[in-house]
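Text of the file start-v1.pdb, holding PDB, C-alpha atoms and all ligand atoms:
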ATOM      1  CA  MET J   1     -20.584  90.301   1.044  1.00  0.00           C
ATOM      2  CA  LYS J   2     -22.707  89.899  -2.080  1.00  0.00           C
ATOM      3  CA  LYS J   3     -22.827  86.155  -1.519  1.00  0.00           C
ATOM      4  CA  LEU J   4     -23.801  86.582   2.137  1.00  0.00           C
ATOM      5  CA  ILE J   5     -26.673  88.929   1.308  1.00  0.00           C
ATOM      6  CA  LEU J   6     -27.906  86.600  -1.430  1.00  0.00           C
ATOM      7  CA  SER J   7     -27.770  83.628   0.904  1.00  0.00           C
ATOM      8  CA  ILE J   8     -30.019  85.391   3.449  1.00  0.00           C
ATOM      9  CA  PHE J   9     -32.722  86.140   0.893  1.00  0.00           C
ATOM     10  CA  PHE J  10     -32.288  83.103  -1.339  1.00  0.00           C
ATOM     11  CA  PRO J  11     -31.102  80.225   0.814  1.00  0.00           C
ATOM     12  CA  THR J  12     -29.718  77.273  -1.118  1.00  0.00           C
ATOM     13  CA  PHE J  13     -30.312  73.607  -0.377  1.00  0.00           C
ATOM     14  CA  CYS J  14     -28.124  70.559  -0.859  1.00  0.00           C
ATOM     15  CA  LEU J  15     -29.181  68.915  -4.141  1.00  0.00           C
ATOM     16  CA  VAL J  16     -28.733  65.498  -2.552  1.00  0.00           C
ATOM     17  CA  CYS J  17     -30.220  65.614   0.967  1.00  0.00           C
ATOM     18  CA  ASN J  18     -32.163  68.890   0.726  1.00  0.00           C
ATOM     19  CA  LYS J  19     -30.524  70.324   3.850  1.00  0.00           C
ATOM     20  CA  LYS J  20     -30.029  74.120   3.935  1.00  0.00           C
ATOM     21  CA  SER J  21     -26.399  74.455   2.856  1.00  0.00           C
ATOM     22  CA  SER J  22     -24.357  74.886  -0.323  1.00  0.00           C
ATOM     23  CA  TYR J  23     -25.491  72.838  -3.355  1.00  0.00           C
ATOM     24  CA  ILE J  24     -23.517  69.856  -2.110  1.00  0.00           C
ATOM     25  CA  CYS J  25     -23.268  69.732   1.675  1.00  0.00           C
ATOM     26  CA  ASN J  26     -20.109  68.468   3.319  1.00  0.00           C
ATOM     27  CA  LYS J  27     -21.713  65.225   4.421  1.00  0.00           C
ATOM     28  CA  CYS J  28     -22.984  64.316   0.951  1.00  0.00           C
ATOM     29  CA  PHE J  29     -19.709  65.369  -0.603  1.00  0.00           C
ATOM     30  CA  TYR J  30     -17.732  62.907   1.480  1.00  0.00           C
ATOM     31  CA  SER J  31     -20.397  60.192   1.386  1.00  0.00           C
ATOM     32  CA  TYR J  32     -21.245  60.075  -2.304  1.00  0.00           C
ATOM     33  CA  LEU J  33     -18.757  61.835  -4.508  1.00  0.00           C
ATOM     34  CA  ASN J  34     -16.416  58.886  -4.788  1.00  0.00           C
ATOM     35  CA  ILE J  35     -13.088  60.651  -4.812  1.00  0.00           C
ATOM     36  CA  PRO J  36     -10.455  58.185  -5.989  1.00  0.00           C
ATOM     37  CA  TYR J  37      -7.349  57.620  -3.894  1.00  0.00           C
ATOM     38  CA  GLU J  38      -5.119  57.939  -6.911  1.00  0.00           C
ATOM     39  CA  GLN J  39      -5.229  59.851 -10.168  1.00  0.00           C
ATOM     40  CA  HIS J  40      -5.400  58.119 -13.534  1.00  0.00           C
ATOM     41  CA  CYS J  41      -3.431  58.740 -16.720  1.00  0.00           C
ATOM     42  CA  HIS J  42      -5.906  60.378 -19.122  1.00  0.00           C
ATOM     43  CA  VAL J  43      -4.291  58.599 -22.083  1.00  0.00           C
ATOM     44  CA  CYS J  44      -4.292  54.938 -21.031  1.00  0.00           C
ATOM     45  CA  GLY J  45      -6.569  55.028 -17.974  1.00  0.00           C
ATOM     46  CA  ARG J  46      -4.100  53.261 -15.661  1.00  0.00           C
ATOM     47  CA  ALA J  47      -3.268  54.692 -12.236  1.00  0.00           C
ATOM     48  CA  VAL J  48      -0.556  57.313 -12.103  1.00  0.00           C
ATOM     49  CA  ARG J  49       0.976  59.371  -9.309  1.00  0.00           C
ATOM     50  CA  HIS J  50       0.207  63.113  -9.022  1.00  0.00           C
ATOM     51  CA  GLY J  51      -2.199  63.183 -11.960  1.00  0.00           C
ATOM     52  CA  PHE J  52       0.464  63.259 -14.652  1.00  0.00           C
ATOM     53  CA  VAL J  53       0.673  61.137 -17.779  1.00  0.00           C
ATOM     54  CA  HIS J  54       2.994  58.142 -18.005  1.00  0.00           C
ATOM     55  CA  LYS J  55       6.210  58.825 -19.858  1.00  0.00           C
ATOM     56  CA  GLU J  56       5.262  56.323 -22.530  1.00  0.00           C
ATOM     57  CA  CYS J  57       1.831  57.966 -22.981  1.00  0.00           C
ATOM     58  CA  SER J  58       3.048  61.574 -23.190  1.00  0.00           C
ATOM     59  CA  SER J  59       3.647  61.555 -26.964  1.00  0.00           C
ATOM     60  CA  LYS J  60      -0.057  60.855 -27.524  1.00  0.00           C
ATOM     61  CA  THR J  61      -1.365  63.977 -25.744  1.00  0.00           C
ATOM     62  CA  ASN J  62      -0.996  67.758 -25.614  1.00  0.00           C
ATOM     63  CA  LEU J  63      -1.795  67.808 -21.897  1.00  0.00           C
ATOM     64  CA  ASP J  64       0.925  67.380 -19.301  1.00  0.00           C
ATOM     65  CA  GLY J  65      -1.645  65.796 -17.033  1.00  0.00           C
ATOM     66  CA  LEU J  66      -5.241  65.735 -15.944  1.00  0.00           C
ATOM     67  CA  ILE J  67      -6.543  66.343 -12.453  1.00  0.00           C
ATOM     68  CA  PHE J  68     -10.093  65.436 -11.577  1.00  0.00           C
ATOM     69  CA  ILE J  69     -11.985  65.534  -8.323  1.00  0.00           C
ATOM     70  CA  SER J  70     -14.556  62.778  -8.633  1.00  0.00           C
ATOM     71  CA  VAL J  71     -15.606  59.732 -10.549  1.00  0.00           C
ATOM     72  CA  TYR J  72     -18.465  60.551 -12.947  1.00  0.00           C
ATOM     73  CA  ASN J  73     -21.223  58.808 -11.052  1.00  0.00           C
ATOM     74  CA  LYS J  74     -24.979  59.285 -11.262  1.00  0.00           C
ATOM     75  CA  LEU J  75     -24.909  61.947  -8.569  1.00  0.00           C
ATOM     76  CA  VAL J  76     -22.227  64.057 -10.260  1.00  0.00           C
ATOM     77  CA  LYS J  77     -23.997  63.657 -13.582  1.00  0.00           C
ATOM     78  CA  ASP J  78     -27.293  64.876 -12.087  1.00  0.00           C
ATOM     79  CA  ILE J  79     -25.658  67.812 -10.293  1.00  0.00           C
ATOM     80  CA  ILE J  80     -23.826  69.026 -13.412  1.00  0.00           C
ATOM     81  CA  HIS J  81     -26.916  68.452 -15.548  1.00  0.00           C
ATOM     82  CA  HIS J  82     -28.997  70.471 -13.097  1.00  0.00           C
ATOM     83  CA  GLY J  83     -26.470  73.332 -13.184  1.00  0.00           C
ATOM     84  CA  LYS J  84     -26.273  73.378 -16.971  1.00  0.00           C
ATOM     85  CA  TYR J  85     -29.898  72.910 -17.956  1.00  0.00           C
ATOM     86  CA  GLU J  86     -31.677  74.599 -15.044  1.00  0.00           C
ATOM     87  CA  LYS J  87     -29.132  77.374 -15.624  1.00  0.00           C
ATOM     88  CA  ASN J  88     -28.056  77.334 -12.012  1.00  0.00           C
ATOM     89  CA  TYR J  89     -24.875  79.357 -11.767  1.00  0.00           C
ATOM     90  CA  GLY J  90     -24.393  78.642  -8.061  1.00  0.00           C
ATOM     91  CA  VAL J  91     -23.854  74.918  -8.618  1.00  0.00           C
ATOM     92  CA  PHE J  92     -20.632  75.634 -10.508  1.00  0.00           C
ATOM     93  CA  GLU J  93     -19.506  78.114  -7.839  1.00  0.00           C
ATOM     94  CA  ASP J  94     -19.858  75.361  -5.244  1.00  0.00           C
ATOM     95  CA  LEU J  95     -18.159  72.745  -7.452  1.00  0.00           C
ATOM     96  CA  GLY J  96     -15.332  75.259  -7.980  1.00  0.00           C
ATOM     97  CA  THR J  97     -14.931  75.761  -4.251  1.00  0.00           C
ATOM     98  CA  ILE J  98     -14.743  71.989  -3.690  1.00  0.00           C
ATOM     99  CA  ALA J  99     -12.252  71.588  -6.557  1.00  0.00           C
ATOM    100  CA  GLY J 100     -10.138  74.514  -5.347  1.00  0.00           C
ATOM    101  CA  GLN J 101      -9.886  73.058  -1.848  1.00  0.00           C
ATOM    102  CA  PHE J 102      -8.936  69.658  -3.267  1.00  0.00           C
ATOM    103  CA  VAL J 103      -6.205  71.084  -5.512  1.00  0.00           C
ATOM    104  CA  LYS J 104      -4.874  73.312  -2.721  1.00  0.00           C
ATOM    105  CA  LYS J 105      -4.474  70.276  -0.489  1.00  0.00           C
ATOM    106  CA  TYR J 106      -2.687  67.994  -2.962  1.00  0.00           C
ATOM    107  CA  TYR J 107      -0.925  70.059  -5.647  1.00  0.00           C
ATOM    108  CA  THR J 108       1.513  72.918  -6.095  1.00  0.00           C
ATOM    109  CA  PHE J 109       2.198  74.502  -9.447  1.00  0.00           C
ATOM    110  CA  SER J 110       5.062  76.645 -10.661  1.00  0.00           C
ATOM    111  CA  MET J 111       3.854  80.171 -11.678  1.00  0.00           C
ATOM    112  CA  PRO J 112       0.311  79.094 -12.520  1.00  0.00           C
ATOM    113  CA  LEU J 113      -2.437  80.747 -14.503  1.00  0.00           C
ATOM    114  CA  ILE J 114      -5.969  79.392 -14.794  1.00  0.00           C
ATOM    115  CA  THR J 115      -7.932  79.475 -18.013  1.00  0.00           C
ATOM    116  CA  PHE J 116     -11.104  77.725 -19.153  1.00  0.00           C
ATOM    117  CA  VAL J 117     -12.756  76.153 -22.185  1.00  0.00           C
ATOM    118  CA  PRO J 118     -14.797  78.864 -23.942  1.00  0.00           C
ATOM    119  CA  LEU J 119     -18.447  78.356 -24.796  1.00  0.00           C
ATOM    120  CA  SER J 120     -19.973  79.356 -28.126  1.00  0.00           C
ATOM    121  CA  PHE J 121     -21.692  82.749 -28.164  1.00  0.00           C
ATOM    122  CA  GLU J 122     -25.110  81.161 -28.760  1.00  0.00           C
ATOM    123  CA  ARG J 123     -24.799  78.653 -25.940  1.00  0.00           C
ATOM    124  CA  LYS J 124     -23.550  81.294 -23.508  1.00  0.00           C
ATOM    125  CA  LEU J 125     -26.451  83.533 -24.479  1.00  0.00           C
ATOM    126  CA  TRP J 126     -28.910  80.686 -23.888  1.00  0.00           C
ATOM    127  CA  ARG J 127     -27.445  79.664 -20.515  1.00  0.00           C
ATOM    128  CA  GLY J 128     -26.462  83.140 -19.392  1.00  0.00           C
ATOM    129  CA  PHE J 129     -23.029  81.979 -18.239  1.00  0.00           C
ATOM    130  CA  ASN J 130     -20.172  79.676 -19.164  1.00  0.00           C
ATOM    131  CA  GLN J 131     -20.153  76.927 -16.538  1.00  0.00           C
ATOM    132  CA  SER J 132     -16.417  76.295 -17.002  1.00  0.00           C
ATOM    133  CA  GLU J 133     -15.688  79.983 -16.401  1.00  0.00           C
ATOM    134  CA  VAL J 134     -17.744  80.087 -13.185  1.00  0.00           C
ATOM    135  CA  PHE J 135     -16.086  76.852 -12.044  1.00  0.00           C
ATOM    136  CA  ALA J 136     -12.603  78.240 -12.926  1.00  0.00           C
ATOM    137  CA  LYS J 137     -13.137  81.565 -11.139  1.00  0.00           C
ATOM    138  CA  ASN J 138     -14.005  79.850  -7.883  1.00  0.00           C
ATOM    139  CA  ILE J 139     -10.983  77.587  -8.157  1.00  0.00           C
ATOM    140  CA  GLY J 140      -8.859  80.696  -8.776  1.00  0.00           C
ATOM    141  CA  ASN J 141     -10.301  82.392  -5.680  1.00  0.00           C
ATOM    142  CA  ILE J 142      -9.390  79.480  -3.441  1.00  0.00           C
ATOM    143  CA  LEU J 143      -5.897  79.023  -4.933  1.00  0.00           C
ATOM    144  CA  ASN J 144      -5.255  82.757  -5.266  1.00  0.00           C
ATOM    145  CA  VAL J 145      -4.279  82.225  -8.907  1.00  0.00           C
ATOM    146  CA  PRO J 146      -5.325  84.617 -11.719  1.00  0.00           C
ATOM    147  CA  VAL J 147      -8.099  83.432 -14.036  1.00  0.00           C
ATOM    148  CA  ILE J 148      -7.756  84.772 -17.582  1.00  0.00           C
ATOM    149  CA  LYS J 149      -9.816  84.051 -20.677  1.00  0.00           C
ATOM    150  CA  ASN J 150      -7.145  83.252 -23.226  1.00  0.00           C
ATOM    151  CA  LEU J 151      -9.059  81.080 -25.677  1.00  0.00           C
ATOM    152  CA  LYS J 152     -12.026  81.836 -27.898  1.00  0.00           C
ATOM    153  CA  ARG J 153     -14.103  79.721 -30.235  1.00  0.00           C
ATOM    154  CA  THR J 154     -13.540  80.376 -33.905  1.00  0.00           C
ATOM    155  CA  ARG J 155     -16.695  78.557 -34.915  1.00  0.00           C
ATOM    156  CA  ASN J 156     -19.605  76.703 -33.441  1.00  0.00           C
ATOM    157  CA  THR J 157     -19.205  72.982 -33.046  1.00  0.00           C
ATOM    158  CA  LYS J 158     -21.928  70.390 -33.140  1.00  0.00           C
ATOM    159  CA  SER J 159     -23.098  68.966 -29.842  1.00  0.00           C
ATOM    160  CA  GLN J 160     -20.581  66.363 -28.705  1.00  0.00           C
ATOM    161  CA  ALA J 161     -22.965  64.191 -26.720  1.00  0.00           C
ATOM    162  CA  GLY J 162     -23.155  60.617 -27.908  1.00  0.00           C
ATOM    163  CA  THR J 163     -20.482  60.880 -30.607  1.00  0.00           C
ATOM    164  CA  SER J 164     -17.382  58.702 -30.875  1.00  0.00           C
ATOM    165  CA  LYS J 165     -13.923  59.734 -29.759  1.00  0.00           C
ATOM    166  CA  LYS J 166     -12.701  60.090 -33.338  1.00  0.00           C
ATOM    167  CA  ALA J 167     -15.772  62.086 -34.410  1.00  0.00           C
ATOM    168  CA  ARG J 168     -15.337  64.426 -31.438  1.00  0.00           C
ATOM    169  CA  ALA J 169     -11.694  65.079 -32.257  1.00  0.00           C
ATOM    170  CA  GLU J 170     -12.565  65.892 -35.894  1.00  0.00           C
ATOM    171  CA  ASN J 171     -15.519  68.055 -34.895  1.00  0.00           C
ATOM    172  CA  ILE J 172     -13.416  70.208 -32.574  1.00  0.00           C
ATOM    173  CA  ARG J 173     -10.254  70.499 -34.688  1.00  0.00           C
ATOM    174  CA  GLY J 174      -9.224  74.155 -35.171  1.00  0.00           C
ATOM    175  CA  ALA J 175     -12.193  75.426 -33.136  1.00  0.00           C
ATOM    176  CA  PHE J 176     -10.100  77.509 -30.673  1.00  0.00           C
ATOM    177  CA  ARG J 177      -7.755  80.481 -30.953  1.00  0.00           C
ATOM    178  CA  LEU J 178      -5.631  82.252 -28.369  1.00  0.00           C
ATOM    179  CA  VAL J 179      -6.940  85.704 -27.477  1.00  0.00           C
ATOM    180  CA  ASP J 180      -4.550  86.879 -24.788  1.00  0.00           C
ATOM    181  CA  ASN J 181      -1.037  86.152 -25.928  1.00  0.00           C
ATOM    182  CA  ASN J 182       0.600  87.776 -22.932  1.00  0.00           C
ATOM    183  CA  VAL J 183       1.107  84.726 -20.796  1.00  0.00           C
ATOM    184  CA  ASP J 184       4.875  84.347 -21.189  1.00  0.00           C
ATOM    185  CA  LYS J 185       5.548  85.026 -17.512  1.00  0.00           C
ATOM    186  CA  TYR J 186       3.586  81.949 -16.419  1.00  0.00           C
ATOM    187  CA  LYS J 187       5.068  78.470 -16.318  1.00  0.00           C
ATOM    188  CA  THR J 188       1.863  76.490 -15.894  1.00  0.00           C
ATOM    189  CA  ILE J 189      -1.597  76.849 -17.391  1.00  0.00           C
ATOM    190  CA  ILE J 190      -4.426  75.062 -15.644  1.00  0.00           C
ATOM    191  CA  LEU J 191      -7.099  74.476 -18.255  1.00  0.00           C
ATOM    192  CA  VAL J 192     -10.517  74.064 -16.685  1.00  0.00           C
ATOM    193  CA  ASP J 193     -13.628  72.300 -17.971  1.00  0.00           C
ATOM    194  CA  ASP J 194     -16.565  70.691 -16.169  1.00  0.00           C
ATOM    195  CA  VAL J 195     -16.238  67.049 -17.293  1.00  0.00           C
ATOM    196  CA  PHE J 196     -13.531  65.056 -19.104  1.00  0.00           C
ATOM    197  CA  THR J 197     -15.272  62.741 -21.563  1.00  0.00           C
ATOM    198  CA  THR J 198     -13.062  61.749 -24.495  1.00  0.00           C
ATOM    199  CA  GLY J 199     -10.690  64.647 -23.829  1.00  0.00           C
ATOM    200  CA  ALA J 200     -11.083  65.984 -27.395  1.00  0.00           C
ATOM    201  CA  THR J 201     -11.953  69.516 -26.259  1.00  0.00           C
ATOM    202  CA  LEU J 202      -9.169  69.810 -23.677  1.00  0.00           C
ATOM    203  CA  GLU J 203      -6.670  68.290 -26.112  1.00  0.00           C
ATOM    204  CA  GLU J 204      -7.572  70.800 -28.803  1.00  0.00           C
ATOM    205  CA  CYS J 205      -7.357  73.762 -26.373  1.00  0.00           C
ATOM    206  CA  ALA J 206      -3.980  72.509 -25.100  1.00  0.00           C
ATOM    207  CA  ARG J 207      -2.747  72.074 -28.679  1.00  0.00           C
ATOM    208  CA  GLU J 208      -3.594  75.699 -29.435  1.00  0.00           C
ATOM    209  CA  ILE J 209      -1.822  76.947 -26.280  1.00  0.00           C
ATOM    210  CA  LYS J 210       1.264  74.825 -26.942  1.00  0.00           C
ATOM    211  CA  ARG J 211       1.463  75.955 -30.549  1.00  0.00           C
ATOM    212  CA  LYS J 212       2.448  79.387 -29.257  1.00  0.00           C
ATOM    213  CA  TYR J 213       3.884  78.431 -25.864  1.00  0.00           C
ATOM    214  CA  PRO J 214       5.553  75.026 -26.173  1.00  0.00           C
ATOM    215  CA  ASN J 215       7.421  75.459 -22.882  1.00  0.00           C
ATOM    216  CA  ILE J 216       4.409  76.183 -20.687  1.00  0.00           C
ATOM    217  CA  LYS J 217       3.027  73.114 -18.921  1.00  0.00           C
ATOM    218  CA  VAL J 218      -0.692  72.641 -19.545  1.00  0.00           C
ATOM    219  CA  PHE J 219      -2.722  70.621 -17.046  1.00  0.00           C
ATOM    220  CA  GLY J 220      -6.381  69.829 -17.519  1.00  0.00           C
ATOM    221  CA  LEU J 221      -8.607  70.200 -14.466  1.00  0.00           C
ATOM    222  CA  THR J 222     -12.158  68.901 -14.525  1.00  0.00           C
ATOM    223  CA  PHE J 223     -14.653  68.135 -11.804  1.00  0.00           C
ATOM    224  CA  ALA J 224     -15.155  64.584 -13.038  1.00  0.00           C
ATOM    225  CA  THR J 225     -13.896  62.152 -15.636  1.00  0.00           C
ATOM    226  CA  SER J 226     -16.217  59.764 -17.408  1.00  0.00           C
ATOM    227  CA  ARG J 227     -13.284  57.370 -17.894  1.00  0.00           C
ATOM    228  CA  LEU J 228     -14.025  56.394 -14.313  1.00  0.00           C
ATOM    229  CA  SER J 229     -17.723  55.949 -14.296  1.00  0.00           C
ATOM    230  CA  ASP J 230     -20.174  53.674 -12.594  1.00  0.00           C
ATOM    231  CA  ILE J 231     -23.188  54.630 -14.679  1.00  0.00           C
TER     232      ILE J 231
HETATM  233 ZN    ZN J 301     -26.453  66.928   1.538  1.00  0.00          ZN
HETATM  234 ZN    ZN J 302      -0.717  56.188 -19.421  1.00  0.00          ZN
END
Translate this file's structure into structure tokens.
Amino acid sequence: MKKLILSIFFPTFCLVCNKKSSYICNKCFYSYLNIPYEQHCHVCGRAVRHGFVHKECSSKTNLDGLIFISVYNKLVKDIIHHGKYEKNYGVFEDLGTIAGQFVKKYYTFSMPLITFVPLSFERKLWRGFNQSEVFAKNIGNILNVPVIKNLKRTRNTKSQAGTSKKARAENIRGAFRLVDNNVDKYKTIILVDDVFTTGATLEECAREIKRKYPNIKVFGLTFATSRLSDI
């Protein structure tokens, strides 16, 4: 109801074609988002079925797999950039709805819980929201899966943009702690972030979850991966 009332007074327009619709209209979504036919192993980059890592790659990662919706093309980059820097909350709601519908169509999880990469206090204060949390909540709504904040930042990390894979991993090491330790009843944790770049952040979050819950499967879910990029 809240959304309906807001949409009457503040109509939104497609960021691509400017038509009155959600931030990405259906037509632009299917025309430009470049959804790959198969998922790719987040460790080696080769194609893999169902978004899971290859057996031979699994010892190099804390994630049991990565699911992404789109290739990180110029359009996706601009949309996410707009949402983050123009502080447009609704963009991540719409991306979450698209991602939720995609996951619902192709995946089933055993006893799932959704969580998200936390943002530092300062950055959340500046933006007014955590984009990964907004994205995660909309995915949870579509999948009817609970969304729980179970990670917090223990310290601020430097901006990751433009740094190497090794530098990112060192920068983020030990930066997360579990806050809600009551997740024993779940068998799968879907760890949500907006974009997969080197994977350092998702890996570190998954490492922290697995430290306490080694038997829970942890899948990363991001809107896009820059491993598949045409920019
Ligand atoms: Zn459009
Ligand atoms: Zn692999």
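With distances taken over all atoms listed in the file, J:Gly65 is the one residue among J:Pro214, J:Pro11, J:Gly90, J:Gly65 lying closest to ligand ZN 302 (chain J).
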(message) Within 8 Å of ligand ZN 302 (chain J) (counting all atoms listed in the file), which residues show up? I'd like them as a PyMOL selection string.
(response) chain J and resi 40-48+53-58
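The space separating atom CA of J:Leu95 from atom CA of J:Val147 comes to 16.1 Å.
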(message) Let me see if you get this right: every residue at most 7 Å from ligand ZN 301 (chain J), counting all atoms listed in the file, written as a list of chain:residue names.
(response) J:Cys14, J:Leu15, J:Val16, J:Cys17, J:Asn18, J:Lys19, J:Ile24, J:Cys25, J:Asn26, J:Lys27, J:Cys28
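Of the listed residues (J:Asp184, J:Glu86, J:Glu133, J:Glu93), J:Glu133 comes nearest to J:Pro118; the distances count all atoms listed in the file.
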(request) Kindly extract all protein, DNA and RNA residues lying within 10 Å of the coordinates (-19.6, 74.6, -22.6) given in the file, considering all atoms listed in the file, and supply them as a PyMOL selection string. (result) chain J and resi 84+116-120+123-124+127+129-133+159+193-195+201
